[in-house]
$ cat data-v7.cif   # mmCIF, C-alpha atoms, pLDDT in the B column; chains and numbers go by the auth columns
data_upload
loop_
_atom_site.group_PDB
_atom_site.id
_atom_site.type_symbol
_atom_site.label_atom_id
_atom_site.label_comp_id
_atom_site.label_asym_id
_atom_site.label_seq_id
_atom_site.Cartn_x
_atom_site.Cartn_y
_atom_site.Cartn_z
_atom_site.B_iso_or_equiv
_atom_site.auth_seq_id
_atom_site.auth_asym_id
ATOM 1 C CA MET A 1 -8.665 26.999 2.311 40.00 179 C
ATOM 2 C CA GLU A 2 -6.561 24.946 4.725 46.00 180 C
ATOM 3 C CA LYS A 3 -4.050 22.544 3.241 54.00 181 C
ATOM 4 C CA ASP A 4 -4.845 19.068 4.567 59.00 182 C
ATOM 5 C CA LYS A 5 -2.161 17.087 2.740 71.00 183 C
ATOM 6 C CA SER A 6 1.604 17.538 2.878 87.00 184 C
ATOM 7 C CA ARG A 7 4.111 15.432 1.028 89.00 185 C
ATOM 8 C CA ILE A 8 7.887 15.204 0.789 90.00 186 C
ATOM 9 C CA LYS A 9 9.645 12.720 -1.440 89.00 187 C
ATOM 10 C CA VAL A 10 13.317 11.811 -1.164 88.00 188 C
ATOM 11 C CA GLU A 11 14.801 9.697 -3.923 90.00 189 C
ATOM 12 C CA GLY A 12 18.061 9.239 -5.728 92.00 190 C
ATOM 13 C CA VAL A 13 21.291 7.302 -5.608 96.00 191 C
ATOM 14 C CA MET A 14 23.063 7.196 -2.217 96.00 192 C
ATOM 15 C CA GLN A 15 25.995 5.397 -0.708 97.00 193 C
ATOM 16 C CA ILE A 16 24.851 2.420 1.411 97.00 194 C
ATOM 17 C CA THR A 17 26.423 4.124 4.455 98.00 195 C
ATOM 18 C CA GLU A 18 24.139 7.142 3.914 95.00 196 C
ATOM 19 C CA VAL A 19 21.103 4.848 3.632 95.00 197 C
ATOM 20 C CA ILE A 20 22.100 3.142 6.886 97.00 198 C
ATOM 21 C CA ALA A 21 22.516 6.512 8.625 96.00 199 C
ATOM 22 C CA ASN A 22 19.037 7.573 7.441 93.00 200 C
ATOM 23 C CA LEU A 23 17.502 4.314 8.673 95.00 201 C
ATOM 24 C CA GLU A 24 19.265 4.633 12.044 96.00 202 C
ATOM 25 C CA LYS A 25 17.910 8.189 12.391 94.00 203 C
ATOM 26 C CA LEU A 26 14.440 6.909 11.526 93.00 204 C
ATOM 27 C CA VAL A 27 14.661 4.267 14.272 95.00 205 C
ATOM 28 C CA ALA A 28 15.892 6.827 16.832 96.00 206 C
ATOM 29 C CA ASP A 29 13.131 9.263 15.846 94.00 207 C
ATOM 30 C CA MET A 30 10.421 6.597 16.045 93.00 208 C
ATOM 31 C CA LYS A 31 11.579 5.606 19.537 94.00 209 C
ATOM 32 C CA VAL A 32 10.634 9.096 20.719 94.00 210 C
ATOM 33 C CA GLY A 33 7.405 9.169 18.715 93.00 211 C
ATOM 34 C CA LEU A 34 8.390 11.258 15.690 92.00 212 C
ATOM 35 C CA VAL A 35 9.342 10.825 12.061 92.00 213 C
ATOM 36 C CA THR A 36 11.001 13.869 10.502 92.00 214 C
ATOM 37 C CA ILE A 37 11.826 13.975 6.798 91.00 215 C
ATOM 38 C CA ALA A 38 13.630 16.868 5.126 89.00 216 C
ATOM 39 C CA ALA A 39 14.189 17.617 1.451 87.00 217 C
ATOM 40 C CA GLY A 40 15.821 20.902 0.562 87.00 218 C
ATOM 41 C CA ASP A 41 14.183 23.618 2.631 89.00 219 C
ATOM 42 C CA GLU A 42 11.042 21.559 3.324 90.00 220 C
ATOM 43 C CA THR A 43 10.517 19.501 6.480 91.00 221 C
ATOM 44 C CA LEU A 44 7.639 17.246 7.455 93.00 222 C
ATOM 45 C CA THR A 45 7.223 15.803 10.965 93.00 223 C
ATOM 46 C CA LEU A 46 4.860 12.899 11.580 93.00 224 C
ATOM 47 C CA ARG A 47 3.758 11.376 14.872 93.00 225 C
ATOM 48 C CA PRO A 48 3.228 7.611 14.587 92.00 226 C
ATOM 49 C CA SER A 49 0.474 5.905 16.530 91.00 227 C
ATOM 50 C CA VAL A 50 1.269 3.043 18.875 90.00 228 C
ATOM 51 C CA LEU A 51 -0.068 0.563 16.285 92.00 229 C
ATOM 52 C CA VAL A 52 1.230 0.820 12.720 93.00 230 C
ATOM 53 C CA ASN A 53 0.679 -1.076 9.488 96.00 231 C
ATOM 54 C CA VAL A 54 3.859 -2.515 7.980 96.00 232 C
ATOM 55 C CA ASP A 55 4.313 -3.592 4.371 97.00 233 C
ATOM 56 C CA MET A 56 7.683 -5.108 3.396 97.00 234 C
ATOM 57 C CA LYS A 57 8.429 -6.354 -0.094 98.00 235 C
ATOM 58 C CA ALA A 58 11.551 -7.866 -1.611 98.00 236 C
ATOM 59 C CA SER A 59 12.223 -9.027 -5.156 98.00 237 C
ATOM 60 C CA GLN A 60 15.093 -10.293 -7.274 98.00 238 C
ATOM 61 C CA LYS A 61 15.588 -10.169 -11.006 96.00 239 C
ATOM 62 C CA LYS A 62 18.576 -11.195 -13.068 94.00 240 C
ATOM 63 C CA ASP A 63 20.463 -7.918 -12.570 96.00 241 C
ATOM 64 C CA LYS A 64 18.404 -6.023 -9.983 96.00 242 C
ATOM 65 C CA GLU A 65 17.256 -6.495 -6.408 97.00 243 C
ATOM 66 C CA LYS A 66 14.661 -4.394 -4.632 96.00 244 C
ATOM 67 C CA PHE A 67 13.475 -3.902 -1.055 96.00 245 C
ATOM 68 C CA ALA A 68 10.554 -1.645 -0.122 96.00 246 C
ATOM 69 C CA LEU A 69 9.288 -0.728 3.324 95.00 247 C
ATOM 70 C CA GLU A 70 6.079 1.166 3.975 95.00 248 C
ATOM 71 C CA ILE A 71 4.869 2.080 7.450 95.00 249 C
ATOM 72 C CA SER A 72 1.497 3.768 7.860 95.00 250 C
ATOM 73 C CA TRP A 73 -0.939 4.608 10.629 93.00 251 C
ATOM 74 C CA LYS A 74 -4.187 6.364 11.296 91.00 252 C
ATOM 75 C CA LYS A 75 -4.152 9.521 13.358 86.00 253 C
ATOM 76 C CA HIS A 76 -5.975 9.046 16.665 70.00 254 C
ATOM 77 C CA LYS A 77 -6.024 11.807 19.235 62.00 255 C
ATOM 78 C CA GLU A 78 -5.735 9.384 22.139 53.00 256 C
ATOM 79 C CA MET A 79 -2.893 7.431 20.465 49.00 257 C
ATOM 80 C CA ASP A 80 -0.802 10.238 18.927 49.00 258 C
ATOM 81 C CA GLY A 81 2.842 9.529 19.651 52.00 259 C
ATOM 82 C CA PHE A 82 4.086 7.564 22.600 54.00 260 C
ATOM 83 C CA THR A 83 6.794 7.699 25.220 51.00 261 C
ATOM 84 C CA ASP A 84 10.346 6.577 24.675 48.00 262 C
ATOM 85 C CA LEU A 85 10.438 2.822 24.017 52.00 263 C
ATOM 86 C CA ALA A 86 14.161 2.670 24.743 46.00 264 C
ATOM 87 C CA GLU A 87 13.507 2.427 28.491 46.00 265 C
#
$ encode --input "data-v7.cif" --output "structure tokens"
Amino acid sequence: MEKDKSRIKVEGVMQITEVIANLEKLVADMKVGLVTIAAGDETLTLRPSVLVNVDMKASQKKDKEKFALEISWKKHKEMDGFTDLAE
């Protein structure tokens, strides 16, 4: 039976500079139409569509702040990936 769902999860405590580097890599990857995530010896490469759904949330509590970003898209053959937007 063919596996039709792959998942990689990256979580843990990081220095803010490492988080920034990961976000900068994400932006560079998305500009060329890819999102590649690696955890250990596993790698997952996604190809965003031209149109994506974005969900941003922020919250503050007495001793904790939180920011969450979710980007999702439907796979469409005619819209898979796109050319470099940096032009």
$ resolve_selection --input "data-v7.cif" --expression "the PyMOL selection byres ((chain C and resi 188-197) around 10)" --output "JSON, numbers by chain"
{"C": [186, 187, 198, 199, 200, 201, 202, 203, 215, 216, 217, 218]}
$ closest_residue --input "data-v7.cif" --among "C:Met208, C:Thr214, C:Glu243, C:Gln238" --to "C:Pro226" --atoms "all atoms listed in the file"
C:Met208
$ closest_residue --input "data-v7.cif" --among "C:Ala236, C:Val230, C:Leu212, C:Leu224" --to "C:Ser250" --atoms "only C-alpha atoms"
C:Val230
$ atom_distance --input "data-v7.cif" --atom1 "atom CA of C:His254" --atom2 "atom CA of C:Leu222"
18.4 Å
$ atom_distance --input "data-v7.cif" --atom1 "atom CA of C:Asp207" --atom2 "atom CA of C:Ser184"
19.2 Å
$ atom_distance --input "data-v7.cif" --atom1 "atom CA of C:Val228" --atom2 "atom CA of C:Val210"
11.3 Å
$ residues_around --input "data-v7.cif" --residues "C:Lys235" --least-positions-apart "2" --cutoff "7 Å" --atoms "all atoms listed in the file" --output "PDB file with C-alpha atoms, in the frame of the given file"
ATOM      1  CA  ASP C 233       4.313  -3.592   4.371  1.00 97.00           C
ATOM      2  CA  SER C 237      12.223  -9.027  -5.156  1.00 98.00           C
ATOM      3  CA  PHE C 245      13.475  -3.902  -1.055  1.00 96.00           C
ATOM      4  CA  ALA C 246      10.554  -1.645  -0.122  1.00 96.00           C
ATOM      5  CA  LEU C 247       9.288  -0.728   3.324  1.00 95.00           C
TER       6      LEU C 247
END
$ closest_residue --input "data-v7.cif" --among "C:Lys239, C:Leu229, C:Met234, C:Ala206" --to "C:Lys252" --atoms "all atoms listed in the file"
C:Leu229
$ closest_residue --input "data-v7.cif" --among "C:Val213, C:Ile249, C:Leu204, C:Arg185" --to "C:Asn231" --atoms "all atoms listed in the file"
C:Ile249
